[in-house]
Every structure is written in structure tokens, then in C-alpha cells.
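> Sharing a structure, written as C-alpha cells. Questions coming.
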Protein chains: 2
Amino acid sequence: MSLPLINKQVFEFTAFTLDSGKTLPYLRLGYETYGRLNAACDNAILIAHHFSGTSHAAGRYSEDDAEPGYWDAIIGPGKAIDTDTHFVIAVDSLCNLMAKDPLVTTTGPSSVEPETGKPYGTRFPVVTIGDFVEAQRLLCDRLGIQRLQAVAGPSMGSMQALEWAVRYPKRVARVIAAISPGFSIDAYLLACLTTWCAPIVLDANYNGGDYYSGPEPLNGLTQAIHMLGLDSLHPDGVRKVFARRWAHRELDPHVSLDHRYAIDRTLDTMSYERAKFADANSFRYIARAVQLFNIEDRLDELSAPVLFIPARSDLIMPPALSEKAADHLRSRGVSADLFVIEGEGGHLDGLLNIGRASSVIRDFLTT
Amino acid sequence: MSLPLINKQVFEFTAFTLDSGKTLPYLRLGYETYGRLNAACDNAILIAHHFSGTSHAAGRYSEDDAEPGYWDAIIGPGKAIDTDTHFVIAVDSLCNLMAKDPLVTTTGPSSVEPETGKPYGTRFPVVTIGDFVEAQRLLCDRLGIQRLQAVAGPSMGSMQALEWAVRYPKRVARVIAAISPGFSIDAYLLACLTTWCAPIVLDANYNGGDYYSGPEPLNGLTQAIHMLGLDSLHPDGVRKVFARRWAHRELDPHVSLDHRYAIDRTLDTMSYERAKFADANSFRYIARAVQLFNIEDRLDELSAPVLFIPARSDLIMPPALSEKAADHLRSRGVSADLFVIEGEGGHLDGLLNIGRASSVIRDFLTT
């Protein structure tokens with residue numbers, strides 16, 4: 001097997017002004033690229049990631065990598081987003097959840113505040129999806145890319161893609177919004193995001209966000225990731241995959257509250273493995289950035305064709321939200337296509353089964 | 001307005017042996033009755049309550065009660081469960097969640113352990129739905145009721161109704177199983193129940209369940225009730241009821257992570273008002289009792305006709321589970337009817353919109 005070339009890099013800015021008007025003294029973000037930028041610099045596609053994602057959108061770092069990047073099914077040589085012809089850029093978000101992953105470079109609450117020489121913690125300013133986009137825009141400027149063939153992403157990535165299109169209508173030729181909330185976050189999702197954050201704040205080690213010099217709130221963060229994961233599935237899908245079994249044959253749940261079921265052990269183990277590389281404050285900052293997403297008042301700026309790719313069994317950003325957004329665009333004369341990923345995988349079908357949208361994406365990019 | 005007569009009482013047993021083989025030295029449970037037991041003692045219907053419910057199934061305690069009992073829409077004079085002709089009994093469960101409600105009498109982890117003179121905490125033994133049923137059976141014995149016209153209940157109440165029917169086939173004429181999981185708890189619901197308990201254990205005040213002499217884990221318990229409530233709704237219903245609004249006009253969520261949205265404030269306030277009267281350990285014990293529910297291996301004993309009343313938009317115990325259970329019973333020659341409550345209220349439609357099943361329940365009780 002020959003590995004796709006992954007070009008992992010870091011870019012830096014100083015004096016990065018946020019939507020809030022506050023200025024970060026420095027910004028360091030990691031990014032990956034796949035394929036080659038052509039001489040005209042007009043073959044680039046930007047991929048923005050989801051809540052728990054990173055810049056690792058495609059490919060494997062080594063032959064023995066267990067999993068490739070999250071959208072590897074559609075990004076690569078000869079794939080729907082064809083790296084033989086396109087230059088693909090994927091950027092770590094500000095406040096990236098996986099801040100402790102050695103392959104992630106992000107600036108956020110776990111970064112050192114120059115003034116104090118200590119991690120920011122909750123002194124870090126609130127950031128927005130718009131701030132993520134500004135960072136990506138600065139990177140595009142630096143790479144000499146004036147116009148993107150597309151901005152694409154799942155979930156929180158779709159928000160960045162849509163935000164790009166209203167901020168920089170002349171620089172975005174197309175938007176691919178997979179498992180999208182539409183043009184803003186509704187009350188149900190606002191409530192989910194807050195609920196996911198709650199275990200972090202409850203963890204005594206959280207200490208108001210000032211935990212970097214002591215034990216980290218790993219239990220609370222594990223639970224937050226566990227809840228995010230469970231809500232991102234569909235109950236019917238979970239029912240098919242998991243059985244009613246004890247976690248340990250000799251530990252009967254009749255005997256003690258501490259004896260668990262197999263599904264709890266599995267979900268907790270998966271969540272813990274992620275939490276080890278994640279930062280608790282970053283979870284809260286990312287959640288708030290998503291909550292703040294709202295382009296309803298700026299839709300007049302949106303002119304690029306949009307391809308919505310909802311997932312049938314997605315409960316948190318269901319197809320109806322994409323349908324409503326697409327209808328609105330069409331009513332304003334903007335081209336909007338919609339393809340539904342069938343399945344019982346819930347919101348996660350926008351990651352795990354994105355391959356089912358391959359031909360639709362390919363067609364969308366060539367029109 | 002004339003108030004229905006609510007007869008609130010407490011019954012006591014000593015040496016109550018649990019499914020686990022352990023014995024509680026004493027058991028005190030509250031119960032309410034509506035209507036009058038006839039001379040033949042054959043007009044009784046037992047109502048079993050849901051996870052966060054109590055024996056207050058119907059009526060109001062006073063003219064200025066904000067809400068009547070949870071199934072008041074179907075229990076009362078001239079209603080589907082007609083207290084002009086039937087004697088209705090509703091019993092507080094063991095380990096009742098609302099242990100601190102002055103109108104609730106329960107024995108559970110917050111009760112005093114005679115040996116130590118202190119609350120049991122997690123020394124209280126694990127209890128089962130079967131234990132709830134045994135306590136109800138002893139009460140029926142004491143009241144001279146050999147055979148119940150029906151055992152009925154929503155959610156956890158439906159589990160008790162079904163458990164009655166397999167334990168005491170000769171004593172149960174009918175089962176009404178509203179918003180039911182069917183014959184056991186599947187892996188998805190196992191995971192939900194564990195997830196709802198997590199904030200309690202994370203709260204530093206929980207102290208391994210030994211908090212009765214200090215500050216209680218009120219934040220964790222509030223969060224647990226909040227999550228239970230949110231998962232008991234359907235996202236589409238929430239989207240219709242709540243708007244995207246800030247909790248306070250002057251506290252912009254862009255400015256601080258601590259500034260909230262209106263839905264968060266509303267749900268937290270509702271949850272907190274309940275948590276003040278609830279016990280954190282009891283939440284965990286009730287959750288485990290539900291997790292343990294499983295009559296799959298005893299279905300040969302089930303002969304009573306069953307009326308399933310699922311709710312269309314229920315995600316945690318969806319109609320498909322009732323349909324599967326009904327199909328199984330019919331395949332064994334047992335009568336099983338099914339009526340779906342239409343709506344977008346999720347699992348809670350089995351409480352809030354049970355009135356829509358009135359005529360079906362009335363017919364079922366007279367055949």
C-alpha cells in the first residue's frame with residue numbers, strides 16, 4: 001500500500017483579532033494538505049472539521065495507523081474530492097478539543113498566555129465559528145489562494161463552510177455542508193451542548209478551569225465525550241450493535257451499583273481513550289463556539305451553490321434542518337442540492353458513511 | 001370544584017426479603033387510594049409509577065395545587081379508570097427518587113439503617129422491579145385483594161405491571177403497559193440510565209454516597225434530572241417549544257462561558273426544583289432497578305391480556321419495542337392490544353398526553 005502524501009505543517013500569526021474585538025497575541029494552528037496547489041492557485045478545497053475532529057481529514061500517517069483521517073472515504077487520489085486534481089487543506093480549529101494529541105497544533109485555553117507564562121484557562125476569550133474561518137482565511141492568504149473551489153465539512157465543519165460563504169462570497173465557489181444544523185443552532189442543540197459540558201464543570205478537578213498545574217478533570221471530560229458520542233448515534237442503531245450483557249461475567253449488576261453493563265464499559269473505554277488527548281476547557285470553548293453559530297441575519301451574502309448532505313437518522317441535526325435551509329436558499333435564487341445518507345448511524349453517518357455521497361460530491365464539484 | 005378524595009396512607013412491614021436474598025429489617029411505603037373497595041374486594045386496579053414519579057397518580061391535595069397527579073387525565077370519577085366503580089391503589093416505590101418530598105414515604109438509601117442509626121447510603125442493597133411488586137403484593141394481601149382488575153403504569157410502571165403478570169398470573173386480570181420497554185431493558189437504555197447517573201457520582205459532595213451528614217450533591221442530582229428530562233423529550237418537540245434566546249438580555253453568551261441560553265436556564269430551574277426533593281442515591285438505585293428489568297425468560301407465565309400504549313415520538317422506549325412485545329404475546333396466543341399516542345412530546349407523551357388513550361383504556365377494562 002502506498003500512503004497518500006500528508007503534508008503536516010504549522011502556521012503562526014501574531015495579533016489575531018477575534019470577533020469579540022479581543023486580540024490574541026499569537027495564534028499557532030496545524031494543518032494538513034493533500035495534493036498539489038496548481039500554478040494559478042485556483043484548485044484548492046478547504047475542509048473544516050467537526051466538534052471532536054482535527055486537521056487529519058484524510059490519509060494515514062503510517063502503514064500501521066488503525067484509522068485514516070475522518071473523511072478519507074471521499075478525499076484522495078481518484079476519490080470524490082480528487083487530490084490528483086485538487087489541493088486540499090484541512091486546519092486544526094482554535095481551541096481544538098484534542099489539544100494534547102501530539103499531531104494537533106492549536107491555540108486555546110490550554111495554551112500559554114504570554115503575559116502570565118501560564119495556561120490561559122478560562123481567561124481565554126470566547127471564540128466563534130467566524131474566528132475559525134478568519135484563521136483559515138489568513139492561511140489561504142499566505143498560501144496565495146484567493147478563491148476556493150469549495151469549503152466543505154461535517155457538522156461544525158459545515159458551519160465553518162457556510163460562515164465562509166457569507167463572509168467571503170467572492171472567495172468561495174461552492175459549499176458542502178454535511179450533517180448541518182442549517183443557518184443557526186436551535187434551542188434543542190443549545191441544550192445538548194450545555195448538557196455535554198456539565199460533567200466537566202462538576203468534576204472537582206476542574207477547579208473553575210484552572211487545572212493545568214494539578215490533576216485534570218479526566219472523569220468529567222470522559223463523561224462529556226461519552227455523552228457527545230451517545231447523542232451522536234441513533235438509539236435504533238445502538239440497539240442493533242449492542243446486546244444486553246454484563247461488563248464482566250463475575251460482576252453481577254444485581255449485587256452492586258458498581259457492577260456495570262458491557263455497553264457502559266465499551267463507551268467509557270472509547271471516551272477515555274479520546275479524553276486522554278483532549279482538553280476539558282477546550283470542550284467548553286468549542287461548545288460555545290458552536291452555540292454562537294448564527295448566520296440567519298447575513299443570508300443575503302450567501303450566493304455560492306450549497307450541497308447539503310444530512311443523515312437520515314441524525315437526531316441532533318436532522319435532515320429537516322438541511323431541507324429548510326435548502327428551501328430558503330432556493331427561494332432566494334441560490335442553488336441548493338440535498339442528498340440524504342440513509343442509515344441508522346445517527347449524526348455519525350456524516351462521518352462514517354460519507355462515502356455514500358461520493359458521486360453526488362464529485363458531480364457537485366465539477367458543475 | 002370538588003376535589004376527588006385522596007386517601008394518603010403509609011403501610012409498614014418488617015423483615016422484607018428482596019430478590020437478592022437480602023432482608024430489609026423494615027419497609028415503610030406510602031400509598032394513595034381513589035374510589036372504594038367493594039365488599040367482594042374484586043374492583044381494584046393498581047397503578048405503578050415511572051422513574052421520577054410517586055404514589056400521587058391522580059387528584060389534587062388542595063384547591064390550589066398547581067398540578068394534579070400524573071395520570072389524572074385517566075383516573076377519577078367517570079374517567080377511563082373510573083373511580084366511581086373501581087378502587088385504585090398507587091404506591092410509592094422502594095428507593096423512591098422524591099424521598100424528601102413530605103408527601104412521599106419510601107424506604108431506600110436515605111432511610112435510617114437500624115443497626116447503625118445512620119442513613120444506609122450505598123450500604124442499601126440493590127433492589128429490583130420485582131421487589132417493588134412484592135411490596136405491592138403484600139399491601140394487596142393486607143387490603144384483602146386477591147385479584148386485581150388491572151395493573152397499569154407508564155414506563156417503569158409498565159415494567160412493574162408486566163412483572164406482576166409473570167409473578168402472579170392468577171392475581172392479575174389485565175396489564176396496561178404505557179411507554180414500555182417491552183420485556184427487558186435494551187443496551188441503549190442501559191447506557192442512558194448509566195449516563196444519567198454519571199453527574200451524581202462526579203459531584204464532589206456525593207462522597208461515595210455518604211453525604212447525609214454534609215452538603216448534598218445537589219448540582220449533580222440537578223444535572224441527572226435535567227438529562228433524564230431532556231432524553232425523555234423528542235428533539236423536534238423541543239425545537240417547537242423553545243426559541244434561540246439568551247437567558248438574560250444583558251448577559252451575552254459571546255462575552256463569557258458563564259452566560260447562558262434561555263433553554264438552559266429553564267431546564268435547570270425545572271430540574272433544580274425537583275432535585276431539592278429528590279435523593280441522589282435513590283436516583284442510582286432506581287436506575288439500577290430499571291436496568292435489571294428482564295422477564296424474557298418468564299414469558300410462559302404471562303397470560304393476562306396486555307394493552308400497550310407507546311408514544312409515537314418516544315426515542316428511549318419507542319413504539320417498535322411495544323410492537324415487538326405485542327407480536328410475541330400474540331404468537332403465544334395471549335391477547336395484546338396496542339394504541340399509539342401521536343405527538344412530538346417523546347417519552348413524556350405517555351404521561352402528559354395519556355388522555356388520548358382514554359377510550360381505549362376504558363374499553364380494555366370492560367372486556
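Chain labels follow the order of the C-alpha cells: the first chain is A, the next B, and so on; residue numbering restarts at 1 in every chain, and ligands are counted from 1 in their shown order.
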Quick one: everything within 10 Å of region 185-197 of chain B, counting only C-alpha atoms, minus sequence neighbours fewer than 3 positions away in the same chain. Send it as a count of residues only.
60
> List every residue of region 280-330 of chain B that DSSP, applied to the backbone of this structure, places in alpha helix (DSSP H), and write the result as an mmCIF file with N, CA and C atoms, in the first residue's frame.

data_model
loop_
_atom_site.group_PDB
_atom_site.id
_atom_site.type_symbol
_atom_site.label_atom_id
_atom_site.label_comp_id
_atom_site.auth_asym_id
_atom_site.auth_seq_id
_atom_site.Cartn_x
_atom_site.Cartn_y
_atom_site.Cartn_z
ATOM 1 N N ALA B 280 -30.062 11.693 45.818
ATOM 2 C CA ALA B 280 -29.104 11.296 44.771
ATOM 3 C C ALA B 280 -28.877 9.779 44.744
ATOM 4 N N ASN B 281 -28.681 9.176 45.904
ATOM 5 C CA ASN B 281 -28.513 7.719 45.906
ATOM 6 C C ASN B 281 -29.744 7.018 45.353
ATOM 7 N N SER B 282 -30.916 7.516 45.706
ATOM 8 C CA SER B 282 -32.145 6.887 45.217
ATOM 9 C C SER B 282 -32.195 6.899 43.696
ATOM 10 N N PHE B 283 -31.699 7.993 43.096
ATOM 11 C CA PHE B 283 -31.647 8.052 41.631
ATOM 12 C C PHE B 283 -30.852 6.864 41.095
ATOM 13 N N ARG B 284 -29.718 6.617 41.701
ATOM 14 C CA ARG B 284 -28.877 5.499 41.237
ATOM 15 C C ARG B 284 -29.556 4.140 41.465
ATOM 16 N N TYR B 285 -30.220 3.994 42.611
ATOM 17 C CA TYR B 285 -30.870 2.706 42.902
ATOM 18 C C TYR B 285 -32.052 2.435 41.970
ATOM 19 N N ILE B 286 -32.817 3.506 41.708
ATOM 20 C CA ILE B 286 -33.952 3.346 40.785
ATOM 21 C C ILE B 286 -33.428 3.008 39.388
ATOM 22 N N ALA B 287 -32.359 3.703 38.991
ATOM 23 C CA ALA B 287 -31.777 3.445 37.665
ATOM 24 C C ALA B 287 -31.340 1.982 37.556
ATOM 25 N N ARG B 288 -30.712 1.478 38.603
ATOM 26 C CA ARG B 288 -30.274 0.080 38.556
ATOM 27 C C ARG B 288 -31.459 -0.878 38.539
ATOM 28 N N ALA B 289 -32.500 -0.570 39.327
ATOM 29 C CA ALA B 289 -33.700 -1.428 39.310
ATOM 30 C C ALA B 289 -34.267 -1.519 37.898
ATOM 31 N N VAL B 290 -34.294 -0.386 37.200
ATOM 32 C CA VAL B 290 -34.791 -0.389 35.822
ATOM 33 C C VAL B 290 -33.858 -1.197 34.924
ATOM 34 N N GLN B 291 -32.550 -0.966 35.087
ATOM 35 C CA GLN B 291 -31.597 -1.706 34.248
ATOM 36 C C GLN B 291 -31.767 -3.218 34.394
ATOM 37 N N LEU B 292 -32.068 -3.647 35.606
ATOM 38 C CA LEU B 292 -32.174 -5.088 35.868
ATOM 39 C C LEU B 292 -33.461 -5.701 35.324
ATOM 40 N N PRO B 319 -42.239 2.955 20.021
ATOM 41 C CA PRO B 319 -43.330 2.030 19.684
ATOM 42 C C PRO B 319 -42.854 0.664 19.194
ATOM 43 N N ALA B 320 -41.730 0.641 18.486
ATOM 44 C CA ALA B 320 -41.263 -0.645 17.945
ATOM 45 C C ALA B 320 -41.049 -1.676 19.049
ATOM 46 N N LEU B 321 -40.646 -1.236 20.232
ATOM 47 C CA LEU B 321 -40.425 -2.181 21.329
ATOM 48 C C LEU B 321 -41.747 -2.763 21.819
ATOM 49 N N SER B 322 -42.775 -1.936 21.882
ATOM 50 C CA SER B 322 -44.103 -2.430 22.275
ATOM 51 C C SER B 322 -44.674 -3.347 21.199
ATOM 52 N N GLU B 323 -44.463 -2.962 19.942
ATOM 53 C CA GLU B 323 -44.970 -3.787 18.833
ATOM 54 C C GLU B 323 -44.342 -5.174 18.855
ATOM 55 N N LYS B 324 -43.047 -5.195 19.103
ATOM 56 C CA LYS B 324 -42.341 -6.475 19.156
ATOM 57 C C LYS B 324 -42.887 -7.340 20.302
ATOM 58 N N ALA B 325 -43.098 -6.703 21.457
ATOM 59 C CA ALA B 325 -43.612 -7.443 22.610
ATOM 60 C C ALA B 325 -45.030 -7.946 22.342
ATOM 61 N N ALA B 326 -45.852 -7.085 21.742
ATOM 62 C CA ALA B 326 -47.235 -7.475 21.444
ATOM 63 C C ALA B 326 -47.259 -8.636 20.448
ATOM 64 N N ASP B 327 -46.414 -8.541 19.437
ATOM 65 C CA ASP B 327 -46.351 -9.617 18.447
ATOM 66 C C ASP B 327 -45.974 -10.936 19.106
ATOM 67 N N HIS B 328 -45.015 -10.859 20.011
ATOM 68 C CA HIS B 328 -44.586 -12.081 20.687
ATOM 69 C C HIS B 328 -45.729 -12.698 21.479
ATOM 70 N N LEU B 329 -46.464 -11.873 22.205
ATOM 71 C CA LEU B 329 -47.575 -12.394 23.005
ATOM 72 C C LEU B 329 -48.632 -13.035 22.111
ATOM 73 N N ARG B 330 -48.963 -12.344 21.037
ATOM 74 C CA ARG B 330 -49.982 -12.888 20.125
ATOM 75 C C ARG B 330 -49.533 -14.232 19.557
#
> Pair the Cα atoms of chain B and chain A in order, fit the first onto the second, and let me know the RMSD in Å.
0.0 Å
> Within 10 Å of Gly144 (chain A), counting only C-alpha atoms, which residues qualify if same-chain residues fewer than 5 places away don't, as a list in words?
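Result of the neighbour search: Leu37, Ala40, Cys41, Asp42, Leu138 and Leu139 of chain A.
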> Near Val340 (chain A), within 6 Å and counting only C-alpha atoms, which residues show up once chain neighbours fewer than 6 positions away are dropped, as a list of chain:residue names?
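After dropping sequence-adjacent residues, the list is A:Ile309, A:Pro310, A:Ala311.
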> Dump all heavy atoms for the selected residues as a short mmCIF file (atom, residue, chain, number, x, y, z; two decimals), in the first residue's frame?

data_model
loop_
_atom_site.label_atom_id
_atom_site.label_comp_id
_atom_site.auth_asym_id
_atom_site.auth_seq_id
_atom_site.Cartn_x
_atom_site.Cartn_y
_atom_site.Cartn_z
N ILE A 309 -25.72 17.59 2.87
CA ILE A 309 -25.68 16.13 2.97
C ILE A 309 -26.07 15.72 4.39
O ILE A 309 -25.22 15.41 5.23
CB ILE A 309 -24.27 15.58 2.64
CG1 ILE A 309 -23.76 16.17 1.32
CG2 ILE A 309 -24.29 14.05 2.59
CD1 ILE A 309 -22.34 15.75 0.96
N PRO A 310 -27.37 15.75 4.70
CA PRO A 310 -27.80 15.29 6.03
C PRO A 310 -27.81 13.76 6.10
O PRO A 310 -27.69 13.08 5.08
CB PRO A 310 -29.23 15.83 6.12
CG PRO A 310 -29.70 15.90 4.70
CD PRO A 310 -28.49 16.21 3.86
N ALA A 311 -27.93 13.24 7.30
CA ALA A 311 -28.03 11.79 7.52
C ALA A 311 -29.43 11.48 8.04
O ALA A 311 -29.93 12.15 8.94
CB ALA A 311 -26.97 11.32 8.51
#
> Of the residues A:Phe124, A:Phe308, A:Phe277, A:Tyr70, which is the one nearest to chain B, using only C-alpha atoms?
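Of A:Phe124, A:Phe308, A:Phe277, A:Tyr70, the one nearest chain B is A:Phe124, counting only C-alpha atoms.
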> For a quick check of understanding, using only C-alpha atoms, which of A:Ile89, A:Leu302, A:Glu32, A:Gly130 has the smallest distance to Val175 (chain A)?
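Closest residue, counting only C-alpha atoms: A:Leu302.
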> Counting only C-alpha atoms, which of A:Asp258, A:Glu342, A:Asp279, A:Glu250 gets nearest to Pro217 (chain A)?
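Counting only C-alpha atoms, the residue closest to Pro217 (chain A) is A:Asp279.
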> Would you list, as a list in words, the residues of region 77-224 of chain B that end up in strand (DSSP E or B) under DSSP run on this structure's backbone?
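Result set for region 77-224 of chain B (strand (DSSP E or B)): Ile81, Asp82, Phe87, Val88, Ile89, Ala90, Val91, Val112, Glu113, Lys118, Pro119, Leu148, Ala150, Val151, Ala152, Gly153, Pro154, Val172, Val175, Ile176, Ala177, Ala178, Ser184 and Asp203 of chain B.
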> Taking 4 positions as the minimum chain separation for residues in the same chain, which residues sit within 10 Å of Gln146 (chain B) when counting only C-alpha atoms? Answer as a VMD selection string.
chain B and resid 40 to 42 44 137 140 to 142 170 to 172
> Residues as selected, C-alpha atoms, written as an mmCIF file, in the first residue's frame, can you do that?

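Output (again_7.cif):
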data_model
loop_
_atom_site.group_PDB
_atom_site.id
_atom_site.type_symbol
_atom_site.label_atom_id
_atom_site.label_comp_id
_atom_site.auth_asym_id
_atom_site.auth_seq_id
_atom_site.Cartn_x
_atom_site.Cartn_y
_atom_site.Cartn_z
ATOM 1 C CA ALA B 40 -66.046 -8.656 47.263
ATOM 2 C CA CYS B 41 -62.656 -6.905 47.062
ATOM 3 C CA ASP B 42 -62.612 -7.501 43.329
ATOM 4 C CA ALA B 44 -59.177 -2.903 42.495
ATOM 5 C CA ARG B 137 -48.407 -7.645 46.645
ATOM 6 C CA CYS B 140 -52.810 -6.083 48.424
ATOM 7 C CA ASP B 141 -52.757 -9.053 50.796
ATOM 8 C CA ARG B 142 -53.256 -6.744 53.710
ATOM 9 C CA LYS B 170 -53.750 -15.621 38.794
ATOM 10 C CA ARG B 171 -53.906 -12.300 40.558
ATOM 11 C CA VAL B 172 -53.748 -10.000 37.518
#
> Please, what distance in Å, to one decimal, runs between CA of Gly153 (chain A) and CA of Tyr31 (chain A)?
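That distance, rounded to one decimal, is 14.7 Å.
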> Restricting the calculation to only C-alpha atoms, which member of A:Phe132, A:Tyr168, A:Phe16, A:Tyr272 is positioned closest to Ser303 (chain A)?
A:Tyr168
> Find the spatial neighbours of Gly69 (chain B), counting only C-alpha atoms, within a cut-off of 8 Å - ignore same-chain residues fewer than 4 positions away - and output them as a short mmCIF file (atom, residue, chain, number, x, y, z; two decimals) with all heavy atoms, in the first residue's frame.

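Printed below is selection.cif as written:
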data_model
loop_
_atom_site.label_atom_id
_atom_site.label_comp_id
_atom_site.auth_asym_id
_atom_site.auth_seq_id
_atom_site.Cartn_x
_atom_site.Cartn_y
_atom_site.Cartn_z
N HIS B 56 -48.58 9.64 43.86
CA HIS B 56 -49.60 10.66 43.54
C HIS B 56 -50.02 10.55 42.08
O HIS B 56 -49.59 11.32 41.22
CB HIS B 56 -49.06 12.05 43.85
CG HIS B 56 -50.12 13.11 43.81
ND1 HIS B 56 -51.43 12.89 44.21
CD2 HIS B 56 -50.08 14.41 43.41
CE1 HIS B 56 -52.13 14.00 44.07
NE2 HIS B 56 -51.34 14.93 43.57
N ALA B 57 -50.86 9.55 41.79
CA ALA B 57 -51.26 9.27 40.41
C ALA B 57 -52.41 10.14 39.94
O ALA B 57 -52.55 10.38 38.74
CB ALA B 57 -51.64 7.80 40.27
N ALA B 58 -53.25 10.59 40.86
CA ALA B 58 -54.44 11.33 40.44
C ALA B 58 -54.88 12.31 41.52
O ALA B 58 -54.42 12.24 42.67
CB ALA B 58 -55.57 10.36 40.12
N GLY B 59 -55.76 13.22 41.15
CA GLY B 59 -56.35 14.16 42.10
C GLY B 59 -55.41 15.26 42.53
O GLY B 59 -54.24 15.32 42.12
N ARG B 60 -55.97 16.17 43.33
CA ARG B 60 -55.19 17.27 43.90
C ARG B 60 -55.32 17.20 45.41
O ARG B 60 -56.35 16.81 45.93
CB ARG B 60 -55.73 18.63 43.42
CG ARG B 60 -55.51 18.89 41.95
CD ARG B 60 -56.21 20.18 41.51
NE ARG B 60 -56.38 20.22 40.07
CZ ARG B 60 -55.55 20.86 39.23
NH1 ARG B 60 -54.53 21.52 39.71
NH2 ARG B 60 -55.76 20.83 37.94
#
> Would you mind listing what lies within 12 Å of Lys79 (chain B) as a PyMOL selection string, with only C-alpha atoms counted and same-chain residues fewer than 5 positions away left out?
chain B and resi 4+35+58-59+71-74+84-86+354-363+365
